[in-house]
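> Structure file target05.txt (compact mmCIF, C-alpha atoms) right here:
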# COMPACT_ATOMS: atom_id res chain seq x y z
CA MET V 226 40.70 53.41 117.75
CA ALA V 227 38.10 50.72 117.06
CA ALA V 228 35.71 48.48 119.00
CA ARG V 229 33.58 45.67 117.68
CA GLY V 230 30.92 43.32 119.12
CA LEU V 231 29.73 39.95 117.86
CA GLY V 232 26.30 38.67 118.94
CA SER V 233 25.41 37.51 122.42
CA GLY V 234 27.23 34.16 122.34
CA SER V 235 30.70 35.58 121.84
CA SER V 236 32.44 38.89 121.64
CA SER V 237 35.81 40.33 120.75
CA TRP V 238 37.40 43.70 121.01
CA SER V 239 40.66 45.25 119.99
CA THR V 240 42.19 48.61 120.76
CA THR V 241 45.25 50.09 119.12
CA LEU V 242 46.89 53.36 120.08
CA SER V 243 49.72 54.57 117.88
CA TYR V 244 51.51 57.69 116.80
CA THR V 245 54.24 58.66 114.38
CA SER V 246 56.72 61.47 114.98
CA HIS V 247 60.18 62.34 113.72
CA PHE V 248 61.28 59.33 115.76
CA ARG V 249 60.56 55.86 114.46
CA THR V 250 56.97 54.76 114.89
CA SER V 251 56.12 53.77 118.45
CA SER V 252 52.89 52.19 119.57
CA LEU V 253 51.04 50.60 122.45
CA VAL V 254 48.94 47.64 121.36
CA ILE V 255 46.22 46.10 123.54
CA LYS V 256 44.36 43.05 122.25
CA ALA V 257 41.77 40.78 123.86
CA PRO V 258 40.73 37.95 121.47
CA HIS V 259 37.45 36.03 121.49
CA GLY V 260 35.66 35.43 124.77
CA ARG V 261 32.75 33.02 125.06
CA LEU V 262 30.44 31.47 127.66
CA ILE V 263 30.78 27.81 128.63
CA ARG V 264 28.16 26.53 131.05
CA ASP V 265 27.29 30.08 132.03
CA LYS V 266 30.94 30.82 132.97
CA PRO V 267 33.00 33.29 130.92
CA LEU V 268 36.23 31.97 129.42
CA TRP V 269 38.74 34.58 128.26
CA ARG V 270 42.02 33.99 126.57
CA SER V 271 44.95 35.98 127.92
CA SER V 272 45.28 39.55 126.70
CA VAL V 273 48.49 40.95 125.27
CA ILE V 274 50.01 44.31 126.14
CA ARG V 275 53.12 45.29 124.22
CA ALA V 276 55.06 48.55 124.29
CA GLU V 277 57.52 48.98 121.44
CA VAL V 278 61.05 50.26 122.10
CA LYS V 279 62.13 53.47 120.36
CA TYR V 280 65.44 53.34 118.49
CA VAL V 281 66.87 56.81 118.01
CA ASN V 282 70.09 58.49 116.92
CA ALA V 283 72.28 60.57 119.22
CA GLU V 284 70.58 63.91 118.49
CA GLU V 285 67.13 62.42 119.04
CA ALA V 286 68.35 60.81 122.26
CA LYS V 287 69.49 64.20 123.53
CA GLN V 288 66.04 65.62 122.77
CA LEU V 289 64.37 62.78 124.69
CA VAL V 290 66.49 63.59 127.73
CA ASN V 291 66.27 67.39 127.57
CA SER V 292 62.66 67.83 126.40
CA GLU V 293 60.77 64.67 127.35
CA GLY V 294 62.29 63.81 130.71
CA TYR V 295 63.98 60.50 129.87
CA SER V 296 66.41 59.13 132.46
CA ILE V 297 69.60 57.54 131.14
CA VAL V 298 70.58 54.03 132.22
CA ASP V 299 74.11 52.99 131.17
CA VAL V 300 74.37 49.19 130.97
CA ARG V 301 78.06 48.90 130.03
CA ASP V 302 80.70 47.22 132.18
CA THR V 303 82.55 49.23 134.82
CA SER V 304 85.73 49.72 132.74
CA GLN V 305 83.94 51.30 129.77
CA PHE V 306 81.81 53.37 132.11
CA ALA V 307 84.92 54.68 133.90
CA ARG V 308 86.55 55.79 130.63
CA ALA V 309 83.57 57.94 129.65
CA HIS V 310 79.90 58.23 130.54
CA ILE V 311 77.06 60.72 130.27
CA LYS V 312 76.81 63.02 133.25
CA SER V 313 74.00 62.28 135.74
CA CYS V 314 73.18 58.84 134.30
CA TYR V 315 72.39 55.67 136.24
CA HIS V 316 74.97 52.89 135.92
CA VAL V 317 73.46 49.40 136.07
CA PRO V 318 75.67 46.94 134.12
CA LEU V 319 73.88 44.19 132.23
CA PHE V 320 76.98 42.02 132.72
CA ILE V 321 79.30 41.99 135.73
CA GLU V 322 82.84 40.68 136.16
CA ASN V 323 82.91 36.92 136.54
CA LYS V 324 85.15 36.04 139.47
CA ASP V 325 83.94 32.44 139.84
CA ASN V 326 86.71 29.88 140.32
CA ASP V 327 85.20 26.59 139.17
CA ILE V 328 87.18 24.64 136.57
CA GLY V 329 84.91 25.50 133.64
CA THR V 330 85.00 29.21 134.42
CA LEU V 331 88.79 29.19 134.88
CA VAL V 332 89.24 27.65 131.41
CA LYS V 333 86.86 30.13 129.80
CA ARG V 334 88.51 33.06 131.60
CA THR V 335 91.95 31.99 130.38
CA LEU V 336 90.76 31.70 126.78
CA HIS V 337 89.01 35.05 127.03
CA ASN V 338 91.98 36.87 128.54
CA ASN V 339 94.28 35.59 125.80
CA PHE V 340 92.00 36.68 122.96
CA SER V 341 89.23 39.27 123.36
CA GLY V 342 90.52 40.45 126.73
CA LEU V 343 94.08 40.95 125.53
CA PHE V 344 93.16 42.32 122.13
CA TYR V 345 90.25 44.60 122.97
CA GLY V 346 90.49 45.06 126.72
CA LEU V 347 87.15 43.43 127.47
CA PRO V 348 86.63 42.05 130.98
CA PHE V 349 85.46 38.48 131.52
CA THR V 350 81.82 38.85 132.55
CA LYS V 351 78.61 37.03 133.38
CA PRO V 352 74.94 38.17 133.31
CA ASN V 353 73.91 40.45 136.14
CA THR V 354 71.04 38.51 137.71
CA GLU V 355 70.00 41.56 139.74
CA PHE V 356 69.82 43.92 136.74
CA VAL V 357 66.04 44.41 136.63
CA GLN V 358 65.74 44.58 140.41
CA THR V 359 68.47 47.24 140.59
CA VAL V 360 66.87 49.38 137.89
CA LYS V 361 63.49 49.11 139.62
CA SER V 362 65.06 50.23 142.90
CA GLN V 363 66.08 53.49 141.24
CA LEU V 364 63.36 54.06 138.64
CA PRO V 365 59.67 53.06 138.77
CA PRO V 366 58.24 51.17 135.75
CA GLU V 367 56.30 54.24 134.59
CA SER V 368 59.59 56.14 134.09
CA LYS V 369 60.84 57.14 130.66
CA VAL V 370 64.15 55.35 130.20
CA LEU V 371 66.93 55.82 127.63
CA ILE V 372 69.23 52.77 127.71
CA VAL V 373 72.78 53.16 126.39
CA CYS V 374 75.72 50.84 125.79
CA GLN V 375 78.80 51.05 123.58
CA GLU V 376 77.64 49.20 120.44
CA GLY V 377 73.85 48.92 120.78
CA LEU V 378 73.59 45.17 121.45
CA ARG V 379 73.52 45.22 125.24
CA SER V 380 71.04 48.11 125.32
CA SER V 381 68.63 46.13 123.12
CA ALA V 382 68.93 43.10 125.41
CA ALA V 383 68.44 45.31 128.47
CA ALA V 384 65.39 46.96 126.89
CA ASP V 385 63.83 43.55 126.32
CA ARG V 386 64.31 42.58 129.97
CA LEU V 387 62.90 45.86 131.28
CA GLU V 388 59.95 45.69 128.88
CA LYS V 389 59.07 42.25 130.23
CA ALA V 390 59.35 43.69 133.75
CA GLY V 391 56.68 46.30 133.02
CA PHE V 392 58.57 49.33 131.71
CA GLU V 393 56.61 50.87 128.82
CA ASN V 394 58.60 53.99 127.85
CA ILE V 395 61.98 52.72 126.67
CA ALA V 396 64.39 54.10 124.08
CA CYS V 397 67.84 53.02 122.86
CA ILE V 398 70.54 54.69 120.76
CA SER V 399 70.61 52.58 117.59
CA SER V 400 74.38 52.14 117.21
CA GLY V 401 75.32 52.79 120.81
CA LEU V 402 77.62 55.41 122.30
CA GLN V 403 80.23 54.70 119.64
CA SER V 404 78.03 56.78 117.30
CA VAL V 405 77.81 59.78 119.65
CA LYS V 406 79.95 62.70 118.49
CA PRO V 407 81.82 64.83 121.04
CA GLY V 408 79.78 67.67 122.51
CA ILE V 409 76.30 66.17 122.19
CA PHE V 410 76.13 65.16 125.86
CA ASP V 411 77.93 66.46 128.94
CA THR V 412 80.31 63.68 129.87
CA VAL V 413 82.57 62.47 132.67
CA GLY V 414 85.83 60.59 132.06
CA SER V 415 89.17 60.80 130.30
CA LYS V 416 87.89 59.75 126.85
CA GLU V 417 85.10 60.66 124.46
CA LEU V 418 82.00 58.45 124.55
CA GLN V 419 82.71 57.04 121.10
CA ASP V 420 86.19 55.90 122.23
CA ALA V 421 85.22 54.40 125.60
CA GLY V 422 85.15 50.89 124.13
CA LYS V 423 88.75 51.05 122.92
CA ALA V 424 91.34 49.32 125.10
CA GLY V 425 93.94 46.58 124.89
CA LEU V 426 96.21 46.01 121.89
CA VAL V 427 93.71 47.55 119.48
CA THR V 428 94.64 51.00 120.77
CA ILE V 429 98.25 50.65 119.59
CA GLN V 430 97.79 48.70 116.35
CA GLY V 431 96.57 49.66 112.91
CA ASP V 432 93.32 49.52 110.95
CA ILE V 433 93.51 45.77 110.31
CA SER V 434 93.75 45.11 114.02
CA ARG V 435 90.74 47.33 114.67
CA VAL V 436 88.65 45.38 112.16
CA LEU V 437 89.70 42.03 113.62
CA GLY V 438 89.08 43.34 117.11
CA ALA V 439 85.59 44.51 116.17
CA ILE V 440 84.82 41.06 114.73
CA LEU V 441 86.00 39.38 117.94
CA VAL V 442 83.93 41.72 120.09
CA CYS V 443 80.77 41.18 118.03
CA ALA V 444 81.33 37.42 118.11
CA LEU V 445 81.80 37.48 121.88
CA LEU V 446 78.68 39.58 122.45
CA PHE V 447 76.67 37.32 120.13
CA ILE V 448 77.77 34.19 122.02
CA THR V 449 77.04 35.89 125.36
CA LEU V 450 73.60 37.23 124.43
CA PHE V 451 72.42 34.32 122.26
CA PRO V 452 74.23 31.18 123.54
CA ASP V 453 71.66 28.68 122.21
CA LEU V 454 71.76 30.11 118.69
CA ALA V 455 75.56 30.31 118.77
CA GLU V 456 75.74 26.63 119.75
CA LYS V 457 73.52 25.69 116.80
CA ILE V 458 75.71 27.68 114.39
CA LEU V 459 78.91 26.10 115.74
CA GLY V 460 77.27 22.70 115.25
CA PHE V 461 77.43 23.19 111.47
CA PHE V 462 81.24 23.12 111.57
CA PRO V 463 82.95 19.71 111.81
CA ALA V 464 84.98 19.03 114.94
CA ALA V 465 88.74 18.98 114.46
Show me this structure written as structure tokens.


Amino acid sequence: MAARGLGSGSSSWSTTLSYTSHFRTSSLVIKAPHGRLIRDKPLWRSSVIRAEVKYVNAEEAKQLVNSEGYSIVDVRDTSQFARAHIKSCYHVPLFIENKDNDIGTLVKRTLHNNFSGLFYGLPFTKPNTEFVQTVKSQLPPESKVLIVCQEGLRSSAAADRLEKAGFENIACISSGLQSVKPGIFDTVGSKELQDAGKAGLVTIQGDISRVLGAILVCALLFITLFPDLAEKILGFFPAA
């Protein structure tokens, strides 16, 4: 921890708190850059408070829950959650089923249902605009929260939203529940956690289908989570 002063005309200070454990490094950084007097009135630039998200494996996640009091928030869709979920977790989906009936949505739903939906059993969804509000209604911002999803992408996006909403103790399982071996957590559902994302034709076809299905799922999640970047990438390909 360090503090520093500069003369009477201006001053600056910076405080850094950090620690390293068997988890990846996690830190809380507080910075307040230069402040100076203008016409006898103090002018301060905005300070920055940032809490880093912990990314842990399944065994470390279990330790966070059992020993450090982390609450589990499952952000998957309702179908994956129903197949298998960790006992006593909170279910707040980051995306909810899109039942809108405007022309644009109908076209997108049809395309989805004939590709990713048919192949991998993924529902047609849209962002849950009440996600942060729902989490806050069940857990205060000072809570320790372990966010889980099937692949790790949605949990990272959810962690970013909760961090911006004031949550400071957030952890995610790096590769999602698909990396959790049977027996690590007490579960509810007809499948193992690592198999909860499997549905549709991929469950009855071979290895090649699984690879293609995984590519489609990752592409769909990328387009959903990063639409602006996806549009730029698609712009590099000539129109037919």

> May I ask for the distance between atom CA of V:Cys374 and atom CA of V:Leu289, given in Å to one decimal place?

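Answer for the atom CA of V:Cys374 to atom CA of V:Leu289 separation: 16.5 Å.
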
> With only C-alpha atoms as the counted atoms, please give the residues lying no more than 8 Å from V:Val373, apart from itself and same-chain residues fewer than 3 positions off, as a list in words.

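With the cut-off at 8 Å, the set is Ile297, Val298, Asp299, Val300, Arg301, Gly377, Ser380, Cys397, Ile398, Gly401 and Leu402 of chain V.
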
> Just give me the gap between atom CA of V:Glu322 and atom CA of V:Asp420 in Å, one decimal is fine.

20.9 Å

> Using only C-alpha atoms, which of V:Ile328, V:Ala283, V:Leu378, V:Ala309 sits nearest V:Glu417?

V:Ala309

> Would you mind reading off the distance between atom CA of V:Phe356 and atom CA of V:Lys416, one decimal, in Å?

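Calculated distance between atom CA of V:Phe356 and atom CA of V:Lys416 is 26.0 Å.
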
> If we draw a sphere of 12 Å around (75.6, 70.2, 117.6), which residues have at least one atom in it when counting all atoms listed in the file? Please report them as a JSON list (two decimals) with C-alpha atoms, in the coordinates of the input.


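This went into part-v7.json:
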[["chain", "number", "residue", "atom", "x", "y", "z"],
["V", 283, "ALA", "CA", 72.28, 60.57, 119.22],
["V", 284, "GLU", "CA", 70.58, 63.91, 118.49],
["V", 285, "GLU", "CA", 67.13, 62.42, 119.04],
["V", 287, "LYS", "CA", 69.49, 64.20, 123.53],
["V", 288, "GLN", "CA", 66.04, 65.62, 122.77],
["V", 405, "VAL", "CA", 77.81, 59.78, 119.65],
["V", 406, "LYS", "CA", 79.95, 62.70, 118.49],
["V", 407, "PRO", "CA", 81.82, 64.83, 121.04],
["V", 408, "GLY", "CA", 79.78, 67.67, 122.51],
["V", 409, "ILE", "CA", 76.30, 66.17, 122.19],
["V", 410, "PHE", "CA", 76.13, 65.16, 125.86]]

> From the list V:Gln305, V:Ala383, V:Gln419, V:Thr449, which residue is nearest V:Ser400 when using all atoms listed in the file?

V:Gln419

> Could you check the closest approach to V:Leu418 for each of V:Ser313, V:Asn326, V:Gln403, V:Thr359 and tell me which residue wins, using only C-alpha atoms?

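The answer is V:Gln403, which sits nearest to V:Leu418.
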
> For stretch 356-362 of chain V, take all atoms listed in the file, fit an axis-aligned box around them, add 4 Å to each of the six sides, then output centre and edge lengths in Å rounded to one decimal, as AutoDock Vina command-line options.


--center_x 66.7 --center_y 47.1 --center_z 139.8 --size_x 14.3 --size_y 14.3 --size_z 14.3

> Just the residues within 9 Å of V:Val278, please, counting only C-alpha atoms, with nothing from its chain fewer than 6 positions along; format it as a list of chain:residue names.

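In the requested form, the answer reads V:Ser251, V:Ser252, V:Ser381, V:Ala384, V:Asp385, V:Glu388, V:Glu393, V:Asn394, V:Ile395, V:Ala396, V:Cys397.
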
> Please, could you write that set of residues out with C-alpha atoms as an mmCIF file, in the coordinates of the input?


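Saved file out28.cif follows:
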data_model
loop_
_atom_site.group_PDB
_atom_site.id
_atom_site.type_symbol
_atom_site.label_atom_id
_atom_site.label_comp_id
_atom_site.auth_asym_id
_atom_site.auth_seq_id
_atom_site.Cartn_x
_atom_site.Cartn_y
_atom_site.Cartn_z
ATOM 1 C CA SER V 251 56.120 53.770 118.450
ATOM 2 C CA SER V 252 52.890 52.190 119.570
ATOM 3 C CA SER V 381 68.630 46.130 123.120
ATOM 4 C CA ALA V 384 65.390 46.960 126.890
ATOM 5 C CA ASP V 385 63.830 43.550 126.320
ATOM 6 C CA GLU V 388 59.950 45.690 128.880
ATOM 7 C CA GLU V 393 56.610 50.870 128.820
ATOM 8 C CA ASN V 394 58.600 53.990 127.850
ATOM 9 C CA ILE V 395 61.980 52.720 126.670
ATOM 10 C CA ALA V 396 64.390 54.100 124.080
ATOM 11 C CA CYS V 397 67.840 53.020 122.860
#
